[in-house]
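Structure record follows, encoded as structure tokens.
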Amino acid sequence: MERFETEAVRQHFDSIASRYDEGKARQTRYWRCLLEIYGSLVPRSSSVLEVGCGTGALLASLAPKRGVGLDLSPAMVEEARKRHPGLEFRAEDIAHPSGREVFDHILLCDVIEHLPDPGAALEGLKAYAGAGTRLVLTSVNPVWTKPLHLAEALGLKLPEGEHEWLALSEVRGLVAGHGFRVELAEGRILLPFGVPLADAALNRLAKAPMLHGLCFVYAVVFRLA
């Protein structure tokens with residue numbers, strides 16, 4: 001069942017596509033942390049499918065031997081094609097996959113909260129996953145909802161549009177309920193912004209289990225069971 005309308009999500013990301021990279025640039029520290037997370041989990045020269053690829057910056061940073069980006073927003077796909085002509089980008093709703101191909105890695109970077117029906121999306125991912133495929137997901141911890149809404153109201157970050165952040169326990173239950181097994185689930189960022197002499201040290205502690213509930217972002221790696 002859809003949490004919100006697919007068309008509303010598409011229209012929102014179409015509306016911000018031309019300023020999406022500018023918005024990322026205002027969140028340099030967080031974006032750098034995300035690149036580090038995915039760079040540590042996805043070997044270079046893998047075949048990589050990114051769902052919700054935006055303008056393609058993350059996918060390009062991984063230097064895949066075959067890189068494909070899918071996005072619900074045709075405007076995002078158009079921007080990605082202009083920026084990264086060596087990669088393939090398609091406008092596609094992952095809940096209704098248009099093809100079948102097995103990738104080494106499938107990425108969902110800050111995407112699951114925007115999926116109208118996460119369960120249908122997980123089923124759709126199976127069209128692109130085989131026994132060896134690793135699915136790598138990151139998402140914001142819902143405990144940070146109020147600070148993020150304040151930052152959005154102050155114009156410090158791009159608007160999220162329709163979304164619903166899920167707790168780490170909810171994501172674990174969701175993927176297990178659709179035939180996937182979790183290989184890694186942990187916190188990854190304690191401070192998403194730069195604080196001299198503090199952010200790097202604190203973020204090194206993010207993987208400690210007792211701090212998962214405070215982390216800004218969590219990472220989950222899973223495979224078909």
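We name chains A, B, ... following the order of the structure tokens; residues begin at 1 in each chain, and ligands are numbered from 1 as shown.
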
**OP:** Step one, run DSSP on the backbone; step two, keep only residues of segment 54-90 of chain A assigned to alpha helix (DSSP H); then write them as a list in words.
**Re:** Ala57, Leu58, Leu59, Ala60, Ser61, Pro74, Ala75, Met76, Val77, Glu78, Glu79, Ala80, Arg81, Lys82 and Arg83 of chain A

Could you write out that same residue set with C-alpha atoms as a PDB file, in the first residue's frame?
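Just written: again.pdb:
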```pdb
ATOM      1  CA  ALA A  57      27.230  11.982  -8.568  1.00  0.00           C
ATOM      2  CA  LEU A  58      27.404   9.023  -6.190  1.00  0.00           C
ATOM      3  CA  LEU A  59      27.303   6.450  -8.968  1.00  0.00           C
ATOM      4  CA  ALA A  60      30.060   8.259 -10.886  1.00  0.00           C
ATOM      5  CA  SER A  61      32.257   8.483  -7.759  1.00  0.00           C
ATOM      6  CA  PRO A  74      12.689  12.319 -15.679  1.00  0.00           C
ATOM      7  CA  ALA A  75      14.182  15.755 -14.928  1.00  0.00           C
ATOM      8  CA  MET A  76      16.773  14.179 -12.597  1.00  0.00           C
ATOM      9  CA  VAL A  77      17.626  11.615 -15.261  1.00  0.00           C
ATOM     10  CA  GLU A  78      18.102  14.378 -17.837  1.00  0.00           C
ATOM     11  CA  GLU A  79      20.510  16.206 -15.489  1.00  0.00           C
ATOM     12  CA  ALA A  80      22.412  12.977 -14.760  1.00  0.00           C
ATOM     13  CA  ARG A  81      22.852  12.208 -18.454  1.00  0.00           C
ATOM     14  CA  LYS A  82      24.325  15.676 -19.065  1.00  0.00           C
ATOM     15  CA  ARG A  83      26.764  15.380 -16.160  1.00  0.00           C
TER      16      ARG A  83
END
```

**OP:** Looking only at strand (DSSP E or B) from DSSP on the backbone, list the matching residues of segment 12-82 of chain A as a list in words.
**Re:**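 DSSP-assigned strand (DSSP E or B) residues in segment 12-82 of chain A: Ser47, Val48, Leu49, Glu50, Val51, Arg66, Gly67, Val68, Gly69, Leu70 and Asp71 of chain A.
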
Those selected residues, please, written with N, CA and C atoms and delivered as a PDB file, in the first residue's frame.
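Once everything was written out, this is again03.pdb:
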```pdb
ATOM      1  N   SER A  47      29.812  -3.897 -11.074  1.00  0.00           N
ATOM      2  CA  SER A  47      28.621  -3.447 -11.788  1.00  0.00           C
ATOM      3  C   SER A  47      27.651  -2.934 -10.727  1.00  0.00           C
ATOM      4  N   VAL A  48      27.161  -1.710 -10.925  1.00  0.00           N
ATOM      5  CA  VAL A  48      26.389  -1.028  -9.897  1.00  0.00           C
ATOM      6  C   VAL A  48      25.103  -0.452 -10.473  1.00  0.00           C
ATOM      7  N   LEU A  49      24.008  -0.722  -9.799  1.00  0.00           N
ATOM      8  CA  LEU A  49      22.727  -0.101 -10.092  1.00  0.00           C
ATOM      9  C   LEU A  49      22.382   0.811  -8.918  1.00  0.00           C
ATOM     10  N   GLU A  50      22.129   2.086  -9.196  1.00  0.00           N
ATOM     11  CA  GLU A  50      21.688   2.984  -8.134  1.00  0.00           C
ATOM     12  C   GLU A  50      20.222   3.339  -8.356  1.00  0.00           C
ATOM     13  N   VAL A  51      19.410   3.063  -7.354  1.00  0.00           N
ATOM     14  CA  VAL A  51      17.985   3.395  -7.393  1.00  0.00           C
ATOM     15  C   VAL A  51      17.788   4.737  -6.700  1.00  0.00           C
ATOM     16  N   ARG A  66      30.230  -1.174 -14.963  1.00  0.00           N
ATOM     17  CA  ARG A  66      28.937  -0.890 -15.589  1.00  0.00           C
ATOM     18  C   ARG A  66      28.112  -0.156 -14.552  1.00  0.00           C
ATOM     19  N   GLY A  67      27.673   1.031 -14.878  1.00  0.00           N
ATOM     20  CA  GLY A  67      26.898   1.827 -13.942  1.00  0.00           C
ATOM     21  C   GLY A  67      25.572   2.247 -14.541  1.00  0.00           C
ATOM     22  N   VAL A  68      24.492   1.927 -13.846  1.00  0.00           N
ATOM     23  CA  VAL A  68      23.149   2.282 -14.289  1.00  0.00           C
ATOM     24  C   VAL A  68      22.436   2.994 -13.153  1.00  0.00           C
ATOM     25  N   GLY A  69      21.833   4.121 -13.462  1.00  0.00           N
ATOM     26  CA  GLY A  69      21.060   4.850 -12.473  1.00  0.00           C
ATOM     27  C   GLY A  69      19.603   4.903 -12.855  1.00  0.00           C
ATOM     28  N   LEU A  70      18.746   4.619 -11.888  1.00  0.00           N
ATOM     29  CA  LEU A  70      17.299   4.710 -12.091  1.00  0.00           C
ATOM     30  C   LEU A  70      16.749   5.816 -11.202  1.00  0.00           C
ATOM     31  N   ASP A  71      15.833   6.592 -11.716  1.00  0.00           N
ATOM     32  CA  ASP A  71      15.186   7.610 -10.905  1.00  0.00           C
ATOM     33  C   ASP A  71      13.754   7.779 -11.383  1.00  0.00           C
TER      34      ASP A  71
END
```

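With only C-alpha atoms as the atoms that count, the minimum distance from Leu158 of chain A to the choices A:Lys146, A:Arg3, A:Arg10, A:Arg26 is reached by A:Arg26.
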
Original post:
So, counting only C-alpha atoms, which residue among A:Asp117, A:Asp110, A:Glu7, A:Glu88 is closest to Leu72 of chain A?
Top reply: A:Glu7

Set out as a tab-separated table a contact list for segment 15-128 of chain A and segment 170-186 of chain A with a cut-off of 10 Å, giving each residue of segment 15-128 of chain A that qualifies its closest atom pair and distance in Å to one decimal, counting only C-alpha atoms, ordered by chain and rising residue number.
```
residue	atom	partner	partner_atom	distance
A:Ile112	CA	A:Val171	CA	8.9
A:Pro118	CA	A:Leu174	CA	8.1
A:Gly119	CA	A:His178	CA	7.1
A:Ala120	CA	A:His178	CA	9.2
A:Leu122	CA	A:His178	CA	6.9
A:Glu123	CA	A:His178	CA	6.9
A:Lys126	CA	A:Gly179	CA	9.7
```

Original post:
Taking only C-alpha atoms into account, which of A:Val220, A:Met1, A:Leu148, A:Ala121 comes nearest Ser169 of chain A?
Top reply: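 Of the candidates, the smallest distance to Ser169 of chain A is held by A:Val220.
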
Original post:
Hey, can you check how far atom CA of Pro64 of chain A sits from atom CA of Gly39 of chain A?
Top reply: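 A separation of 11.1 Å between them.
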
Subject >> Minimum-distance residue to Gly124 of chain A, chosen among A:Leu107, A:Ala17, A:Ala8, A:Ala95 (using only C-alpha atoms) >> reply: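 Comparing A:Leu107, A:Ala17, A:Ala8, A:Ala95 against Gly124 of chain A, the winner is A:Ala95.
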
Subject >> Separation of atom CA of Glu152 of chain A from atom CA of Leu108 of chain A in Å >> reply: 22.1 Å

Excluding same-chain residues fewer than 2 positions from Pro116 of chain A, what lies within 7 Å of it counting only C-alpha atoms, as a PDB file with C-alpha atoms, in the first residue's frame?
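Done, and the output landed in out_1.pdb:
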```pdb
ATOM      1  CA  GLU A   2       1.333   3.432  -0.943  1.00  0.00           C
ATOM      2  CA  ARG A   3       2.228   5.792   1.891  1.00  0.00           C
ATOM      3  CA  PHE A   4       1.885   8.734  -0.476  1.00  0.00           C
ATOM      4  CA  GLU A   5       1.226   9.336  -4.179  1.00  0.00           C
ATOM      5  CA  THR A   6       3.942   8.298  -6.630  1.00  0.00           C
ATOM      6  CA  HIS A 114      10.747   8.589  -0.445  1.00  0.00           C
ATOM      7  CA  PRO A 118       8.863   0.237   0.105  1.00  0.00           C
TER       8      PRO A 118
END
```

**OP:** Using only C-alpha atoms, find the one residue out of A:Ser73, A:Glu113, A:Leu87, A:Thr145 that sits nearest to Ile16 of chain A.
**Re:** A:Ser73

Subject >> atom CA of Ser139 of chain A to atom CA of Arg188 of chain A, distance in Å rounded to a single decimal >> reply: 10.0 Å

Subject >> Counting only C-alpha atoms, the residue of A:Ser45, A:Ser40, A:Thr138, A:Thr55 that sits nearest Val111 of chain A >> reply: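 Comparing A:Ser45, A:Ser40, A:Thr138, A:Thr55 against Val111 of chain A, the winner is A:Thr138.
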